[in-house]
file input_20.txt (compact mmCIF, C-alpha atoms)
# COMPACT_ATOMS: atom_id res chain seq x y z
CA MET A 1 4.68 -11.19 5.24
CA PHE A 2 5.16 -11.37 1.49
CA GLN A 3 6.08 -13.93 -1.12
CA VAL A 4 8.74 -14.19 -3.79
CA LEU A 5 8.09 -16.64 -6.60
CA HIS A 6 11.15 -18.43 -7.89
CA GLY A 7 10.63 -21.40 -10.11
CA GLU A 8 7.44 -23.15 -9.20
CA LYS A 9 7.30 -22.63 -5.44
CA PRO A 10 6.64 -19.40 -3.53
CA LEU A 11 9.12 -18.29 -0.89
CA TYR A 12 7.33 -16.70 2.07
CA ILE A 13 9.27 -13.94 3.79
CA GLN A 14 8.27 -12.41 7.09
CA ALA A 15 9.75 -9.00 7.81
CA ASN A 16 9.92 -7.45 11.27
CA ASN A 17 7.59 -4.59 10.25
CA CYS A 18 5.93 -2.97 7.24
CA VAL A 19 8.86 -0.60 6.68
CA GLU A 20 11.31 -3.49 6.44
CA ALA A 21 8.91 -5.38 4.15
CA SER A 22 8.65 -2.31 1.88
CA GLU A 23 12.45 -2.02 1.76
CA TRP A 24 12.78 -5.67 0.80
CA ILE A 25 10.09 -5.39 -1.86
CA GLU A 26 11.67 -2.22 -3.27
CA ALA A 27 15.10 -3.89 -3.42
CA LEU A 28 13.66 -7.01 -5.06
CA CYS A 29 11.74 -4.90 -7.59
CA ARG A 30 14.95 -3.08 -8.55
CA VAL A 31 16.82 -6.36 -8.99
CA THR A 32 14.04 -7.99 -11.02
CA ARG A 33 12.87 -4.96 -13.02
CA CYS A 34 14.55 -6.22 -16.22
CA ASN A 35 13.58 -9.86 -15.65
CA GLN A 36 11.62 -10.89 -18.74
CA LYS A 37 10.16 -13.87 -16.87
CA ARG A 38 8.70 -11.65 -14.16
CA LEU A 39 5.12 -12.67 -13.42
CA SER A 40 2.14 -10.42 -14.08
CA PHE A 41 -0.14 -12.24 -11.63
CA TYR A 42 0.36 -13.72 -8.17
CA HIS A 43 -1.60 -15.23 -5.28
CA PRO A 44 -1.92 -12.67 -2.45
CA SER A 45 -2.38 -15.49 0.06
CA ALA A 46 -0.81 -18.84 0.96
CA PHE A 47 -1.32 -22.35 -0.39
CA LEU A 48 -2.53 -24.33 2.64
CA ASN A 49 -4.36 -27.62 3.04
CA GLY A 50 -4.51 -28.25 -0.70
CA ASN A 51 -5.77 -24.87 -1.93
CA TRP A 52 -4.89 -21.20 -2.30
CA LEU A 53 -6.61 -19.25 0.48
CA CYS A 54 -7.27 -16.28 -1.84
CA CYS A 55 -9.03 -17.91 -4.80
CA LYS A 56 -9.55 -21.48 -3.54
CA ALA A 57 -7.69 -22.93 -6.57
CA THR A 58 -6.57 -26.48 -5.76
CA ILE A 59 -3.49 -26.64 -8.00
CA GLU A 60 -0.47 -25.00 -6.38
CA SER A 61 1.12 -24.07 -9.74
CA THR A 62 -2.03 -22.36 -11.08
CA VAL A 63 -1.62 -18.80 -12.39
CA GLY A 64 -2.10 -16.11 -9.75
CA CYS A 65 -5.48 -14.49 -9.16
CA ALA A 66 -4.23 -10.92 -8.53
CA ARG A 67 -2.24 -8.59 -10.76
CA CYS A 68 1.25 -7.68 -9.52
CA THR A 69 1.10 -4.05 -8.45
CA ALA A 70 4.22 -3.44 -6.35
CA GLU A 71 4.72 -0.04 -7.98
CA THR A 72 1.15 1.02 -7.29
CA GLU A 73 1.39 -0.13 -3.69
CA ARG A 74 4.67 1.76 -3.32
CA ILE A 75 3.07 4.98 -4.63
CA TYR A 76 0.10 4.49 -2.27
CA SER A 77 2.41 3.93 0.70
CA LEU A 78 4.41 7.05 -0.15
CA PHE A 79 1.24 9.14 -0.31
CA THR A 80 0.03 7.62 2.97
CA LEU A 81 3.33 8.28 4.73
CA ASN A 82 3.37 11.89 3.52
CA ILE A 83 -0.32 12.74 3.79
CA SER A 84 0.29 15.51 6.36
CA LYS A 85 2.82 17.16 4.02
CA LEU A 86 0.36 16.94 1.14
CA GLN A 87 -2.32 18.54 3.33
CA LYS A 88 0.02 21.37 4.33
CA LEU A 89 0.90 21.98 0.69
CA GLU A 90 -2.79 21.95 -0.19
CA GLU A 91 -3.41 24.60 2.50
CA ALA A 92 -0.51 26.67 1.18
CA CYS A 93 -1.89 26.54 -2.37
CA GLY A 94 -5.33 27.51 -1.10
CA SER A 95 -3.82 30.43 0.80
CA ILE A 96 -1.92 31.64 -2.28
CA ALA A 97 -4.98 31.29 -4.52
CA VAL A 98 -7.39 33.04 -2.14
CA TYR A 99 -5.15 35.78 -0.76
CA GLN A 100 -2.91 36.24 -3.82
CA GLY A 101 0.19 35.50 -1.79
CA PRO A 102 1.57 33.40 1.04
CA ARG A 103 0.00 33.93 4.44
CA LYS A 104 2.05 31.28 6.23
CA GLU A 105 5.70 30.99 7.11
CA PRO A 106 7.68 30.71 3.86
CA ASP A 107 9.44 27.61 5.25
CA ASP A 108 6.30 25.53 4.62
CA TYR A 109 6.84 25.50 0.86
CA SER A 110 9.84 27.71 0.07
CA ASN A 111 11.99 24.85 -1.26
CA PHE A 112 9.94 24.65 -4.48
CA THR A 113 7.93 26.95 -6.73
CA ILE A 114 4.16 26.73 -7.05
CA GLU A 115 3.50 28.03 -10.55
CA ASP A 116 -0.26 27.48 -10.64
CA SER A 117 -1.62 27.37 -7.10
CA VAL A 118 -5.22 26.70 -8.19
CA ALA A 119 -4.35 23.69 -10.39
CA THR A 120 -1.92 22.38 -7.74
CA PHE A 121 -4.59 22.77 -5.07
CA HIS A 122 -7.12 20.77 -7.13
CA THR A 123 -4.57 18.04 -7.93
CA LEU A 124 -3.57 17.71 -4.28
CA LYS A 125 -7.24 17.63 -3.27
CA GLN A 126 -7.86 14.74 -5.70
CA ILE A 127 -4.81 12.82 -4.45
CA ILE A 128 -5.79 13.29 -0.80
CA ASP A 129 -9.40 12.25 -1.53
CA VAL A 130 -8.27 9.07 -3.31
CA VAL A 131 -5.82 8.16 -0.53
CA GLU A 132 -8.56 8.70 2.08
CA LYS A 133 -11.01 6.52 0.10
CA LEU A 134 -8.36 3.79 -0.19
CA ASN A 135 -7.71 4.03 3.55
CA GLU A 136 -11.44 3.65 4.21
CA SER A 137 -11.57 0.59 1.94
CA HIS A 138 -8.55 -0.91 3.71
CA GLU A 139 -10.14 -0.32 7.11
CA LYS A 140 -13.47 -1.85 6.01
CA TYR A 141 -11.65 -4.87 4.62
CA GLN A 142 -9.64 -5.29 7.84
CA LYS A 143 -12.82 -5.02 9.95
CA LYS A 144 -14.66 -7.50 7.73
CA ARG A 145 -11.72 -9.89 7.79
CA SER A 146 -11.29 -9.68 11.56
CA SER A 147 -15.03 -9.99 12.26
CA SER A 148 -15.47 -12.96 9.92
CA ALA A 149 -12.44 -14.83 11.25
CA LYS A 150 -13.32 -17.73 13.51
CA TYR A 151 -12.12 -17.26 17.09
CA GLY A 152 -9.00 -19.35 17.54
CA SER A 153 -8.16 -19.38 13.83
CA GLU A 154 -4.90 -18.16 12.32
CA GLU A 155 -6.56 -14.81 11.45
CA ASN A 156 -8.02 -14.42 14.97
CA PRO A 157 -5.77 -16.35 17.36
CA ILE A 158 -6.46 -16.88 21.04
CA VAL A 159 -3.97 -14.75 22.95
CA GLY A 160 -3.58 -14.43 26.69
CA LYS A 161 -2.64 -16.27 29.82
CA VAL A 162 -3.38 -19.92 30.16
CA SER A 163 -4.60 -20.86 33.63
call {"tool": "encode", "arguments": {"input": "input_20.txt", "output": "structure tokens"}}
result
Amino acid sequence: MFQVLHGEKPLYIQANNCVEASEWIEALCRVTRCNQKRLSFYHPSAFLNGNWLCCKATIESTVGCARCTAETERIYSLFTLNISKLQKLEEACGSIAVYQGPRKEPDDYSNFTIEDSVATFHTLKQIIDVVEKLNESHEKYQKKRSSSAKYGSEENPIVGKVS
């Protein structure tokens, strides 16, 4: 679920899955990239029962409480989707640096040139570490959110057979 702000009211859009949501967001970002009225802040939650769930502001038209970071989220999602490729490339750079030449099948990284295997290794290591830390933070947030949600609430609905 995501929101598009047009005028004064948010439009809530529910995609079938995260891939479809990302495709919609990417398409909307391309269309609105040159929009000079594009907002810098948004509310990452909904306005329900007279207040924003994210910041508890009571005026629906109040300025958002979170900075718009669609590009950052897109970069994060690309790194997350390709983490195994980054790890393989990191291993290849380590192999080149340690053994002064490739020790794996050339197909693993033959479609590009690694000019400085040590620097590339360190850069990949930093990227992978940051992505892993972000994943940990996301998981902690999800656990905290799910454990603090009241049973039977929208965040933690009652699901199952009714007798």
call {"tool": "residues_around", "arguments": {"input": "input_20.txt", "residues": "Cys93 (chain A)", "least_positions_apart": "4", "cutoff": "7 Å", "atoms": "all atoms listed in the file", "output": "ChimeraX atom specification"}}
result
/A:89,97,117-118,120-121
call {"tool": "write_last_selection", "arguments": {"input": "input_20.txt", "atoms": "C-alpha atoms", "output": "PDB file, in the coordinates of the input"}}
result
ATOM      1  CA  LEU A  89       0.900  21.980   0.690  1.00  0.00           C
ATOM      2  CA  ALA A  97      -4.980  31.290  -4.520  1.00  0.00           C
ATOM      3  CA  SER A 117      -1.620  27.370  -7.100  1.00  0.00           C
ATOM      4  CA  VAL A 118      -5.220  26.700  -8.190  1.00  0.00           C
ATOM      5  CA  THR A 120      -1.920  22.380  -7.740  1.00  0.00           C
ATOM      6  CA  PHE A 121      -4.590  22.770  -5.070  1.00  0.00           C
TER       7      PHE A 121
END
call {"tool": "atom_distance", "arguments": {"input": "input_20.txt", "atom1": "CA of Leu39 (chain A)", "atom2": "CA of Thr62 (chain A)"}}
result
12.3 Å
call {"tool": "closest_residue", "arguments": {"input": "input_20.txt", "among": "A:Thr113, A:Thr58, A:Gln3, A:Gln87", "to": "Leu28 (chain A)", "atoms": "all atoms listed in the file"}}
result
A:Gln3
call {"tool": "atom_distance", "arguments": {"input": "input_20.txt", "atom1": "CA of Asn51 (chain A)", "atom2": "CA of Asn35 (chain A)"}}
result
28.1 Å
call {"tool": "closest_residue", "arguments": {"input": "input_20.txt", "among": "A:Lys133, A:Arg74, A:Cys68, A:Ser95", "to": "Trp24 (chain A)", "atoms": "all atoms listed in the file"}}
result
A:Arg74
call {"tool": "closest_residue", "arguments": {"input": "input_20.txt", "among": "A:Glu60, A:Asn16, A:Ala92, A:Glu136", "to": "Leu48 (chain A)", "atoms": "all atoms listed in the file"}}
result
A:Glu60
call {"tool": "residues_around", "arguments": {"input": "input_20.txt", "residues": "Ile83 (chain A)", "least_positions_apart": "4", "cutoff": "12 Å", "atoms": "all atoms listed in the file", "output": "MDAnalysis selection string"}}
result
chainID A and resid 75:79 87:90 124:125 127:132 135
call {"tool": "residues_near_point", "arguments": {"input": "input_20.txt", "point": "(-3.7, -10.3, -9.2)", "cutoff": "8 Å", "atoms": "all atoms listed in the file", "output": "PDB file with C-alpha atoms, keeping the file's coordinate frame"}}
result
ATOM      1  CA  SER A  40       2.140 -10.420 -14.080  1.00  0.00           C
ATOM      2  CA  PHE A  41      -0.140 -12.240 -11.630  1.00  0.00           C
ATOM      3  CA  TYR A  42       0.360 -13.720  -8.170  1.00  0.00           C
ATOM      4  CA  HIS A  43      -1.600 -15.230  -5.280  1.00  0.00           C
ATOM      5  CA  PRO A  44      -1.920 -12.670  -2.450  1.00  0.00           C
ATOM      6  CA  GLY A  64      -2.100 -16.110  -9.750  1.00  0.00           C
ATOM      7  CA  CYS A  65      -5.480 -14.490  -9.160  1.00  0.00           C
ATOM      8  CA  ALA A  66      -4.230 -10.920  -8.530  1.00  0.00           C
ATOM      9  CA  ARG A  67      -2.240  -8.590 -10.760  1.00  0.00           C
ATOM     10  CA  CYS A  68       1.250  -7.680  -9.520  1.00  0.00           C
ATOM     11  CA  THR A  69       1.100  -4.050  -8.450  1.00  0.00           C
TER      12      THR A  69
END
call {"tool": "atom_distance", "arguments": {"input": "input_20.txt", "atom1": "CA of Ile59 (chain A)", "atom2": "CA of Leu11 (chain A)"}}
result
16.7 Å
call {"tool": "closest_residue", "arguments": {"input": "input_20.txt", "among": "A:Gln126, A:Glu20, A:Tyr12, A:Glu26", "to": "Phe47 (chain A)", "atoms": "all atoms listed in the file"}}
result
A:Tyr12
